[in-house]
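A.B. asks: I am sharing model_39.txt, which consists of compact mmCIF, C-alpha atoms:
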# COMPACT_ATOMS: atom_id res chain seq x y z
CA MET A 1 0.00 0.00 0.00
CA GLN A 2 1.00 3.61 -0.50
CA LEU A 3 0.73 5.89 2.52
CA TRP A 4 1.07 9.68 2.53
CA GLY A 5 2.14 10.80 5.99
CA PHE A 6 4.52 12.86 8.08
CA TRP A 7 6.73 11.73 10.91
CA ARG A 8 4.96 13.94 13.43
CA SER A 9 1.36 13.39 12.27
CA LEU A 10 -0.56 11.55 14.97
CA ALA A 11 -3.26 10.52 12.49
CA THR A 12 -0.61 8.95 10.25
CA PHE A 13 0.80 7.25 13.36
CA ARG A 14 -2.59 5.57 13.91
CA VAL A 15 -2.69 4.18 10.39
CA ARG A 16 0.94 3.01 10.62
CA ILE A 17 0.14 1.05 13.79
CA ALA A 18 -2.84 -0.67 12.15
CA LEU A 19 -0.80 -1.55 9.07
CA ASN A 20 1.89 -3.04 11.32
CA LEU A 21 -0.59 -4.96 13.48
CA LYS A 22 -2.13 -6.50 10.38
CA GLY A 23 1.24 -7.21 8.79
CA ILE A 24 0.54 -5.08 5.71
CA SER A 25 3.61 -3.75 3.94
CA PHE A 26 3.50 -0.12 2.85
CA GLU A 27 5.61 2.67 1.47
CA GLU A 28 5.29 6.11 3.00
CA THR A 29 5.64 9.40 1.15
CA SER A 30 6.47 12.24 3.51
CA ILE A 31 4.34 15.39 3.24
CA ASP A 32 6.02 18.06 5.36
CA LEU A 33 3.20 19.63 7.37
CA ILE A 34 5.54 22.21 8.87
CA ALA A 35 6.68 23.44 5.45
CA GLY A 36 3.08 23.43 4.18
CA VAL A 37 3.54 20.74 1.51
CA GLN A 38 0.00 19.51 2.26
CA ARG A 39 -1.21 22.61 0.39
CA SER A 40 0.84 21.85 -2.75
CA GLU A 41 -1.01 21.19 -5.95
CA SER A 42 0.39 17.69 -6.17
CA TYR A 43 -0.87 16.71 -2.71
CA ARG A 44 -4.24 18.40 -3.23
CA ALA A 45 -4.69 16.00 -6.13
CA VAL A 46 -4.26 13.16 -3.64
CA ASN A 47 -6.39 14.60 -0.83
CA PRO A 48 -8.36 17.77 -1.54
CA GLN A 49 -8.82 18.38 2.20
CA MET A 50 -5.03 18.88 2.39
CA VAL A 51 -4.69 16.79 5.53
CA LEU A 52 -2.88 13.57 6.38
CA PRO A 53 -2.96 10.64 6.10
CA ALA A 54 -4.04 9.28 2.74
CA LEU A 55 -3.74 5.68 1.69
CA VAL A 56 -4.01 3.85 -1.61
CA ASP A 57 -4.64 0.11 -1.67
CA GLY A 58 -3.82 -1.32 -5.08
CA GLU A 59 -5.61 0.54 -7.84
CA GLY A 60 -7.23 3.01 -5.43
CA PRO A 61 -9.16 5.19 -4.99
CA VAL A 62 -7.45 7.29 -2.36
CA LEU A 63 -8.67 6.53 1.17
CA PHE A 64 -8.79 9.45 3.59
CA GLN A 65 -9.49 10.19 7.28
CA SER A 66 -7.71 7.95 9.78
CA LEU A 67 -10.85 6.45 11.37
CA ALA A 68 -12.27 5.56 7.95
CA ILE A 69 -8.94 4.01 6.96
CA LEU A 70 -8.81 1.92 10.14
CA GLU A 71 -12.32 0.60 9.42
CA TYR A 72 -11.33 -0.15 5.81
CA LEU A 73 -8.28 -2.11 6.91
CA GLU A 74 -10.43 -4.02 9.39
CA GLU A 75 -12.99 -4.94 6.73
CA THR A 76 -10.50 -5.94 4.05
CA ARG A 77 -7.79 -7.53 6.25
CA PRO A 78 -9.74 -8.84 9.23
CA GLU A 79 -6.82 -10.62 10.93
CA PRO A 80 -5.94 -9.89 13.63
CA PRO A 81 -9.24 -8.18 14.49
CA LEU A 82 -9.04 -4.61 15.78
CA LEU A 83 -12.70 -4.47 16.78
CA PRO A 84 -14.65 -6.78 19.12
CA THR A 85 -17.29 -9.08 17.63
CA ASP A 86 -20.30 -7.79 19.60
CA ALA A 87 -22.10 -4.58 18.61
CA ARG A 88 -21.96 -3.05 22.10
CA GLY A 89 -18.27 -3.78 22.39
CA ARG A 90 -17.64 -2.33 18.94
CA ALA A 91 -19.57 0.78 19.96
CA ARG A 92 -17.45 1.18 23.08
CA VAL A 93 -14.20 0.78 21.15
CA ARG A 94 -15.32 3.20 18.45
CA GLY A 95 -16.48 5.65 21.11
CA LEU A 96 -13.12 5.60 22.87
CA ALA A 97 -11.37 6.00 19.50
CA ALA A 98 -13.58 8.98 18.65
CA ILE A 99 -12.75 10.73 21.92
CA VAL A 100 -9.23 10.90 20.52
CA ALA A 101 -9.74 11.18 16.78
CA ALA A 102 -12.77 13.48 16.86
CA ASP A 103 -12.81 15.38 20.15
CA SER A 104 -9.14 15.83 21.02
CA HIS A 105 -6.63 15.51 18.25
CA PRO A 106 -8.38 17.74 15.64
CA LEU A 107 -8.01 20.65 18.05
CA ILE A 108 -4.21 20.54 18.04
CA VAL A 109 -3.31 19.91 14.41
CA PRO A 110 -1.06 22.37 12.51
CA ARG A 111 -3.89 24.21 10.71
CA VAL A 112 -5.57 24.98 14.03
CA ARG A 113 -2.35 26.14 15.68
CA GLU A 114 -1.69 28.28 12.63
CA TYR A 115 -5.13 29.91 12.89
CA LEU A 116 -4.59 30.62 16.60
CA ASP A 117 -1.31 32.28 15.70
CA ALA A 118 -2.03 34.12 12.47
CA GLU A 119 -5.73 35.01 12.86
CA LEU A 120 -6.12 35.36 16.62
CA GLY A 121 -2.61 36.48 17.60
CA ILE A 122 -2.29 33.84 20.31
CA ALA A 123 1.29 33.65 21.56
CA GLU A 124 3.29 30.45 21.48
CA GLU A 125 3.01 29.72 25.19
CA ALA A 126 -0.78 30.04 25.12
CA ARG A 127 -0.94 27.90 21.98
CA ALA A 128 1.08 25.22 23.75
CA ARG A 129 -1.27 25.46 26.75
CA TRP A 130 -4.23 25.06 24.37
CA CYS A 131 -2.75 21.87 22.95
CA ARG A 132 -1.99 20.45 26.39
CA HIS A 133 -5.50 21.29 27.57
CA TRP A 134 -7.28 19.34 24.84
CA ILE A 135 -4.89 16.41 25.05
CA GLU A 136 -5.44 16.20 28.78
CA ALA A 137 -9.21 16.53 28.41
CA GLY A 138 -9.25 13.61 25.99
CA LEU A 139 -7.00 11.40 28.09
CA THR A 140 -8.99 12.19 31.23
CA ALA A 141 -12.25 11.27 29.51
CA ILE A 142 -10.77 7.97 28.37
CA GLU A 143 -9.39 7.26 31.84
CA SER A 144 -12.85 7.74 33.33
CA HIS A 145 -14.19 5.08 30.97
CA LEU A 146 -11.30 2.69 31.51
CA ALA A 147 -11.37 3.04 35.27
CA THR A 148 -15.07 2.28 35.70
CA GLU A 149 -16.10 -0.09 32.93
CA PRO A 150 -15.76 -3.86 33.26
CA GLU A 151 -14.66 -4.33 29.63
CA THR A 152 -11.28 -2.77 30.36
CA GLY A 153 -8.60 -5.43 30.28
CA ARG A 154 -4.95 -5.62 29.43
CA TYR A 155 -5.94 -3.27 26.62
CA CYS A 156 -8.72 -0.69 26.47
CA HIS A 157 -11.23 -3.41 25.60
CA GLY A 158 -10.34 -6.89 26.73
CA ASP A 159 -7.00 -8.52 26.18
CA THR A 160 -6.28 -7.76 22.53
CA ALA A 161 -5.44 -4.49 20.84
CA THR A 162 -8.24 -2.57 19.15
CA ILE A 163 -8.58 0.74 17.35
CA ALA A 164 -9.20 2.26 20.80
CA ASP A 165 -5.64 1.40 21.80
CA ILE A 166 -4.29 2.71 18.51
CA CYS A 167 -6.02 6.04 19.06
CA LEU A 168 -5.14 6.19 22.75
CA VAL A 169 -1.44 5.62 22.08
CA SER A 170 -1.45 8.32 19.41
CA LEU A 171 -2.72 10.81 21.99
CA THR A 172 -0.33 9.77 24.76
CA VAL A 173 2.57 10.16 22.34
CA GLY A 174 1.06 13.50 21.34
CA ALA A 175 1.06 14.44 25.02
CA ASN A 176 4.78 13.85 25.14
CA LEU A 177 5.46 15.74 21.92
CA PHE A 178 3.51 18.74 23.27
CA GLY A 179 5.03 18.59 26.74
CA ALA A 180 1.78 17.63 28.48
CA ARG A 181 2.29 15.74 31.72
CA PRO A 182 -1.20 14.57 32.64
CA GLU A 183 -1.42 12.96 36.06
CA ASN A 184 -3.72 10.45 37.67
CA LEU A 185 -4.26 8.41 34.54
CA PRO A 186 -3.21 4.95 35.75
CA HIS A 187 -5.18 2.93 33.20
CA VAL A 188 -4.22 5.16 30.29
CA THR A 189 -0.57 5.05 31.31
CA ARG A 190 -0.48 1.30 31.87
CA ILE A 191 -2.14 0.48 28.55
CA ALA A 192 -0.13 2.98 26.51
CA GLU A 193 3.16 1.74 27.97
CA SER A 194 2.19 -1.85 27.33
CA CYS A 195 1.26 -1.09 23.71
CA LEU A 196 4.46 0.84 23.07
CA ALA A 197 6.45 -2.17 24.23
CA GLU A 198 5.14 -4.01 21.14
CA ALA A 199 6.95 -3.65 17.85
CA ALA A 200 3.79 -2.83 15.85
CA PHE A 201 3.25 0.27 17.97
CA ALA A 202 6.89 1.18 18.62
CA ASP A 203 7.94 0.94 14.97
CA ALA A 204 5.16 3.36 14.02
CA HIS A 205 6.22 5.97 16.61
CA PRO A 206 6.66 9.50 15.24
CA LEU A 207 10.20 9.80 16.57
CA ARG A 208 11.23 6.63 14.74
CA GLN A 209 10.22 7.90 11.30
CA ALA A 210 12.41 9.44 8.63
CA GLY A 211 12.62 13.19 9.14
CA ALA A 212 12.17 13.10 12.91
CA PRO A 213 14.75 14.96 15.00
CA PRO A 214 17.52 12.72 16.34
CA GLN A 215 16.91 11.46 19.87
CA ALA A 216 19.40 11.92 22.67
CA MET B 217 -34.31 4.03 23.16
CA GLN B 218 -33.27 6.76 25.56
CA LEU B 219 -31.35 9.69 24.06
CA TRP B 220 -29.63 12.47 25.97
CA GLY B 221 -29.37 15.52 23.76
CA PHE B 222 -29.92 19.23 23.36
CA TRP B 223 -31.90 21.06 20.74
CA ARG B 224 -28.86 22.89 19.42
CA SER B 225 -26.36 20.01 19.56
CA LEU B 226 -25.30 19.06 16.04
CA ALA B 227 -24.01 15.69 17.22
CA THR B 228 -27.40 14.91 18.75
CA PHE B 229 -28.99 16.03 15.49
CA ARG B 230 -26.99 13.36 13.66
CA VAL B 231 -28.20 10.59 15.95
CA ARG B 232 -31.80 11.83 15.75
CA ILE B 233 -31.69 11.65 11.94
CA ALA B 234 -30.39 8.07 12.02
CA LEU B 235 -33.04 7.01 14.54
CA ASN B 236 -35.71 8.55 12.30
CA LEU B 237 -34.34 6.99 9.11
CA LYS B 238 -34.36 3.58 10.75
CA GLY B 239 -37.79 4.09 12.29
CA ILE B 240 -36.56 3.65 15.86
CA SER B 241 -38.69 5.32 18.53
CA PHE B 242 -36.83 7.20 21.23
CA GLU B 243 -37.28 9.55 24.15
CA GLU B 244 -34.94 12.50 24.47
CA THR B 245 -33.78 14.02 27.73
CA SER B 246 -32.58 17.59 27.26
CA ILE B 247 -29.18 18.47 28.73
CA ASP B 248 -28.82 22.25 28.50
CA LEU B 249 -25.32 22.82 27.12
CA ILE B 250 -25.66 26.59 27.49
CA ALA B 251 -26.47 26.33 31.19
CA GLY B 252 -23.68 23.78 31.70
CA VAL B 253 -25.92 20.88 32.73
CA GLN B 254 -23.53 18.51 30.93
CA ARG B 255 -21.16 19.06 33.86
CA SER B 256 -23.75 18.08 36.49
CA GLU B 257 -23.06 15.04 38.61
CA SER B 258 -26.14 13.29 37.28
CA TYR B 259 -25.08 13.65 33.64
CA ARG B 260 -21.46 12.76 34.40
CA ALA B 261 -22.82 9.43 35.60
CA VAL B 262 -24.30 8.95 32.13
CA ASN B 263 -21.32 10.21 30.13
CA PRO B 264 -18.11 10.96 32.01
CA GLN B 265 -16.81 12.99 29.05
CA MET B 266 -19.66 15.46 29.73
CA VAL B 267 -20.56 15.76 26.04
CA LEU B 268 -23.66 14.94 24.01
CA PRO B 269 -25.19 12.76 22.78
CA ALA B 270 -25.56 9.58 24.81
CA LEU B 271 -27.89 6.73 23.95
CA VAL B 272 -29.17 3.71 25.83
CA ASP B 273 -30.65 0.79 23.92
CA GLY B 274 -32.62 -1.46 26.25
CA GLU B 275 -30.58 -2.49 29.26
CA GLY B 276 -27.55 -0.50 28.19
CA PRO B 277 -24.68 0.20 28.57
CA VAL B 278 -24.58 3.87 27.63
CA LEU B 279 -23.42 4.45 24.06
CA PHE B 280 -21.39 7.59 23.41
CA GLN B 281 -19.84 9.56 20.53
CA SER B 282 -22.12 10.21 17.55
CA LEU B 283 -20.05 8.30 14.98
CA ALA B 284 -19.89 5.23 17.21
CA ILE B 285 -23.63 5.46 17.83
CA LEU B 286 -24.36 5.67 14.10
CA GLU B 287 -22.26 2.54 13.50
CA TYR B 288 -24.04 0.76 16.35
CA LEU B 289 -27.45 1.59 14.93
CA GLU B 290 -26.29 0.36 11.52
CA GLU B 291 -25.07 -2.94 12.95
CA THR B 292 -28.10 -3.64 15.11
CA ARG B 293 -30.85 -2.20 12.87
CA PRO B 294 -29.46 -2.68 9.37
CA GLU B 295 -32.56 -1.49 7.47
CA PRO B 296 -32.49 0.84 5.69
CA PRO B 297 -28.70 0.66 5.29
CA LEU B 298 -26.76 3.86 6.00
CA LEU B 299 -23.48 2.51 4.64
CA PRO B 300 -22.72 1.06 1.18
CA THR B 301 -21.97 -2.65 0.90
CA ASP B 302 -18.47 -2.41 -0.62
CA ALA B 303 -15.44 -1.66 1.51
CA ARG B 304 -14.18 1.20 -0.66
CA GLY B 305 -17.61 2.81 -0.69
CA ARG B 306 -17.90 2.43 3.06
CA ALA B 307 -14.48 4.04 3.45
CA ARG B 308 -15.53 6.98 1.31
CA VAL B 309 -18.75 7.49 3.27
CA ARG B 310 -16.95 7.20 6.59
CA GLY B 311 -14.26 9.58 5.36
CA LEU B 312 -16.81 12.21 4.38
CA ALA B 313 -18.57 11.74 7.71
CA ALA B 314 -15.29 12.19 9.57
CA ILE B 315 -14.53 15.45 7.78
CA VAL B 316 -17.59 16.75 9.61
CA ALA B 317 -17.60 14.82 12.85
CA ALA B 318 -13.85 14.81 13.46
CA ASP B 319 -12.29 17.72 11.60
CA SER B 320 -14.94 20.43 11.65
CA HIS B 321 -17.64 20.17 14.26
CA PRO B 322 -15.40 19.47 17.31
CA LEU B 323 -13.78 22.86 16.76
CA ILE B 324 -16.99 24.80 17.31
CA VAL B 325 -18.65 23.06 20.25
CA PRO B 326 -19.48 24.99 23.44
CA ARG B 327 -16.47 23.85 25.44
CA VAL B 328 -14.11 25.13 22.72
CA ARG B 329 -15.92 28.46 22.40
CA GLU B 330 -15.80 28.77 26.18
CA TYR B 331 -12.03 28.18 26.21
CA LEU B 332 -11.51 30.78 23.48
CA ASP B 333 -13.48 33.24 25.59
CA ALA B 334 -12.40 32.51 29.14
CA GLU B 335 -8.81 31.33 28.68
CA LEU B 336 -7.70 33.22 25.57
CA GLY B 337 -9.86 36.33 25.84
CA ILE B 338 -11.11 36.06 22.26
CA ALA B 339 -13.99 38.47 21.67
CA GLU B 340 -17.39 37.31 20.47
CA GLU B 341 -16.95 38.49 16.88
CA ALA B 342 -13.65 36.64 16.51
CA ARG B 343 -15.16 33.53 18.10
CA ALA B 344 -17.99 33.66 15.58
CA ARG B 345 -15.44 34.05 12.77
CA TRP B 346 -13.56 31.02 14.14
CA CYS B 347 -16.74 28.93 14.00
CA ARG B 348 -17.57 30.05 10.49
CA HIS B 349 -14.02 29.35 9.34
CA TRP B 350 -14.02 25.70 10.43
CA ILE B 351 -17.53 25.09 9.17
CA GLU B 352 -16.60 26.50 5.77
CA ALA B 353 -13.35 24.53 5.67
CA GLY B 354 -15.26 21.31 6.29
CA LEU B 355 -17.98 22.04 3.75
CA THR B 356 -15.41 23.08 1.15
CA ALA B 357 -13.46 19.84 1.66
CA ILE B 358 -16.64 17.82 1.22
CA GLU B 359 -17.61 19.79 -1.87
CA SER B 360 -14.25 19.01 -3.45
CA HIS B 361 -14.92 15.30 -2.96
CA LEU B 362 -18.52 15.48 -4.16
CA ALA B 363 -17.67 17.54 -7.22
CA THR B 364 -14.93 15.27 -8.53
CA GLU B 365 -15.78 11.71 -7.51
CA PRO B 366 -18.02 9.47 -9.61
CA GLU B 367 -19.74 7.94 -6.58
CA THR B 368 -21.62 11.17 -5.89
CA GLY B 369 -25.29 10.75 -6.73
CA ARG B 370 -28.55 12.14 -5.53
CA TYR B 371 -26.91 11.83 -2.11
CA CYS B 372 -23.25 12.04 -1.14
CA HIS B 373 -22.75 8.41 -2.16
CA GLY B 374 -25.18 7.05 -4.70
CA ASP B 375 -28.91 7.45 -4.50
CA THR B 376 -29.67 6.53 -0.91
CA ALA B 377 -28.90 8.38 2.30
CA THR B 378 -25.81 7.37 4.26
CA ILE B 379 -24.04 8.57 7.37
CA ALA B 380 -22.16 10.97 5.09
CA ASP B 381 -25.43 12.80 4.36
CA ILE B 382 -26.37 12.77 8.03
CA CYS B 383 -23.07 14.40 8.95
CA LEU B 384 -23.14 16.81 6.02
CA VAL B 385 -26.62 18.06 6.88
CA SER B 386 -25.60 18.58 10.51
CA LEU B 387 -22.80 20.87 9.34
CA THR B 388 -24.91 22.82 6.83
CA VAL B 389 -27.49 23.44 9.54
CA GLY B 390 -24.62 24.43 11.82
CA ALA B 391 -23.52 26.90 9.15
CA ASN B 392 -26.94 28.55 9.34
CA LEU B 393 -26.98 28.59 13.13
CA PHE B 394 -23.55 30.28 13.16
CA GLY B 395 -24.34 32.70 10.36
CA ALA B 396 -21.89 31.19 7.88
CA ARG B 397 -22.80 31.77 4.26
CA PRO B 398 -20.39 29.57 2.35
CA GLU B 399 -20.52 30.03 -1.40
CA ASN B 400 -19.69 27.88 -4.39
CA LEU B 401 -20.84 24.66 -2.81
CA PRO B 402 -23.36 23.45 -5.39
CA HIS B 403 -23.20 19.75 -4.54
CA VAL B 404 -23.27 20.34 -0.80
CA THR B 405 -26.19 22.73 -1.15
CA ARG B 406 -28.19 20.48 -3.47
CA ILE B 407 -27.77 17.38 -1.30
CA ALA B 408 -28.43 19.15 1.99
CA GLU B 409 -31.60 20.78 0.66
CA SER B 410 -32.81 17.49 -0.74
CA CYS B 411 -32.21 15.72 2.57
CA LEU B 412 -33.93 18.42 4.60
CA ALA B 413 -37.02 17.99 2.43
CA GLU B 414 -37.37 14.50 3.94
CA ALA B 415 -39.21 14.08 7.22
CA ALA B 416 -36.47 11.97 8.83
CA PHE B 417 -34.03 14.86 8.47
CA ALA B 418 -36.48 17.74 8.95
CA ASP B 419 -38.05 16.32 12.11
CA ALA B 420 -34.60 16.02 13.67
CA HIS B 421 -33.68 19.66 12.93
CA PRO B 422 -32.37 21.62 15.92
CA LEU B 423 -34.94 24.38 15.51
CA ARG B 424 -37.79 21.85 15.65
CA GLN B 425 -36.79 20.47 19.05
CA ALA B 426 -38.21 21.37 22.44
CA GLY B 427 -36.31 24.31 23.89
CA ALA B 428 -35.39 25.88 20.57
CA PRO B 429 -36.20 29.57 20.10
CA PRO B 430 -39.50 30.17 18.28
CA GLN B 431 -39.11 30.70 14.55
CA ALA B 432 -40.48 33.70 12.70
Would you write out, as structure tokens, the structure that this file holds?
C.D. replies:
Amino acid sequence: MQLWGFWRSLATFRVRIALNLKGISFEETSIDLIAGVQRSESYRAVNPQMVLPALVDGEGPVLFQSLAILEYLEETRPEPPLLPTDARGRARVRGLAAIVAADSHPLIVPRVREYLDAELGIAEEARARWCRHWIEAGLTAIESHLATEPETGRYCHGDTATIADICLVSLTVGANLFGARPENLPHVTRIAESCLAEAAFADAHPLRQAGAPPQA
Amino acid sequence: MQLWGFWRSLATFRVRIALNLKGISFEETSIDLIAGVQRSESYRAVNPQMVLPALVDGEGPVLFQSLAILEYLEETRPEPPLLPTDARGRARVRGLAAIVAADSHPLIVPRVREYLDAELGIAEEARARWCRHWIEAGLTAIESHLATEPETGRYCHGDTATIADICLVSLTVGANLFGARPENLPHVTRIAESCLAEAAFADAHPLRQAGAPPQA
């Protein structure tokens, strides 16, 4: 498969994890979100929304939006499953995933930070606080589910990884990238650390991609 | 089914449309987002994220996040279908839905407007401009898909309503509520108007719910 992504993109990170978990080989083309390459004519032809990621499976068409891509991978490459088999369980997993991919992460992406800066004149420190706030709100909401619901297991839902874990890990890694240090999230922390000990998650990590700054 | 919603909530609007399309009867409990009732202890016991909507089907548990609820309804009440049968078509519909439910609408919800006001001191006019900007960005992205992709039909995907139409209509109605007047969106406009001529969509409209301001 052909993936368009960027080392730092948390939505690309989610798709990379799913591809790894399902053992799907892919090539990634880097679209530099910091330099604005997502607005180039050539990338607009791939994804007119000018956001990452985009994925092409075989002859196409281009698949877009990380949650839709995760569902597509699940439907076309069902092993190992990344959703439970029961409708209520699937709803819980999709709900946890959406807390990240709909309610938290879209608030901190480059185009939003750029608007805060250029249109609203928000200084860098306040922009960073904004990002930390929404990351922490998302992680706290997920913790409240994980801490009280009997379906929580070794992973967010039972004892195998699902798209909830993929999304959760993307946000905990985002927390680190943005300098957020949320506290009192024992379930979130335990599950994210456990996931990141697995190669499928670790190999997809933003800081392990081409273009990432070298680590100390 | 038991729905927790609010007349103005665009995410609740989406779930109401799906319930209507599938002919599912429901009772709605109003949670006043303007008065902050979503932060009450009693609603936190329903949805610890303190957002709308929430839905209980029979004995529960509570279902949360509009996209996850739409998928649950589709899996448990498959007629009429709100997703295509082919994986690539389903990915396209889910991608269009996510442009609304992940990339646009979460930027304009009350908790975000409150943060812009209270934490960043953004004046009302600039907050309104912010809302219009993200609504227009979402609708423009959807238009670019609809205008160029052969799957577009009477609805966003073919000639029957899908979750893409549900999400699209929620954002066009949001555009009206926020005073956005996006131009050059012929496909978006045509499809949204056609949907809102149907009872399942019209009956779910924010301004037709209990608590909405009287219309001229």
A.B. asks: Within 6 Å of chain A, which residues of chain B show up when using all atoms listed in the file, listed as a list in words?
C.D. replies: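 Result, ordered by chain then number: Gln265, Phe280, Gln281, Ala284, Tyr288, Ala307, Arg310, Gly311, Ala318, Asp319, Pro322 and Ala357 of chain B.
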A.B. asks: Which protein, DNA or RNA residues have an atom at most 9 Å from (-25.0, 22.9, 27.3), counting all atoms listed in the file? List them as a PyMOL selection string.
C.D. replies: chain B and resi 222+224-225+247-255+267-268+326-327
A.B. asks: Output C-alpha atoms for every residue in the selection just made, as a PDB file, in the frame of the given file.
C.D. replies:
ATOM      1  CA  PHE B 222     -29.920  19.230  23.360  1.00  0.00           C
ATOM      2  CA  ARG B 224     -28.860  22.890  19.420  1.00  0.00           C
ATOM      3  CA  SER B 225     -26.360  20.010  19.560  1.00  0.00           C
ATOM      4  CA  ILE B 247     -29.180  18.470  28.730  1.00  0.00           C
ATOM      5  CA  ASP B 248     -28.820  22.250  28.500  1.00  0.00           C
ATOM      6  CA  LEU B 249     -25.320  22.820  27.120  1.00  0.00           C
ATOM      7  CA  ILE B 250     -25.660  26.590  27.490  1.00  0.00           C
ATOM      8  CA  ALA B 251     -26.470  26.330  31.190  1.00  0.00           C
ATOM      9  CA  GLY B 252     -23.680  23.780  31.700  1.00  0.00           C
ATOM     10  CA  VAL B 253     -25.920  20.880  32.730  1.00  0.00           C
ATOM     11  CA  GLN B 254     -23.530  18.510  30.930  1.00  0.00           C
ATOM     12  CA  ARG B 255     -21.160  19.060  33.860  1.00  0.00           C
ATOM     13  CA  VAL B 267     -20.560  15.760  26.040  1.00  0.00           C
ATOM     14  CA  LEU B 268     -23.660  14.940  24.010  1.00  0.00           C
ATOM     15  CA  PRO B 326     -19.480  24.990  23.440  1.00  0.00           C
ATOM     16  CA  ARG B 327     -16.470  23.850  25.440  1.00  0.00           C
TER      17      ARG B 327
END
A.B. asks: Output, as AutoDock Vina command-line options, the centre and edge lengths in Å (one decimal) of the axis-aligned box that contains all listed atoms of stretch 186-189 of chain A with 6 Å of margin on each side.
C.D. replies:
--center_x -2.9 --center_y 4.0 --center_z 33.0 --size_x 16.6 --size_y 14.2 --size_z 17.5
A.B. asks: One number please: atom CA of B:Pro366 to atom CA of A:Val46, in Å, one decimal.
C.D. replies: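 One can read the atom CA of B:Pro366 to atom CA of A:Val46 distance as 15.4 Å.
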A.B. asks: Enter the distance from atom CA of A:His187 to atom CA of A:Cys156, in Å, rounded to one decimal.
C.D. replies: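 Atom CA of A:Cys156 lies 8.4 Å from atom CA of A:His187.
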A.B. asks: Between B:Gly390, B:Leu423, B:Gly395, B:Leu384, which residue has the minimum interatomic distance to B:Ala408, considering all atoms listed in the file?
C.D. replies: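 Once distances to B:Ala408 are computed over all atoms listed in the file, the minimum belongs to B:Leu384.
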A.B. asks: Expressed in Å to a single decimal, how great is the separation between atom CA of B:Glu414 and atom CA of B:Cys347?
C.D. replies: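 Atom-to-atom, atom CA of B:Glu414 and atom CA of B:Cys347 are spaced 27.1 Å apart.
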A.B. asks: Take the point (-35.4, 0.8, 6.9) in the file's coordinates, draw a sphere of radius 12 Å around it, and report as a list in words every protein, DNA or RNA residue with an atom inside or on it, counting only C-alpha atoms.
C.D. replies: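 Checking each residue against the 12 Å limit leaves Ala234, Leu235, Asn236, Leu237, Lys238, Gly239, Ile240, Leu289, Glu290, Thr292, Arg293, Pro294, Glu295, Pro296, Pro297, Leu298, Thr376, Ala377, Thr378 and Ala416 of chain B.
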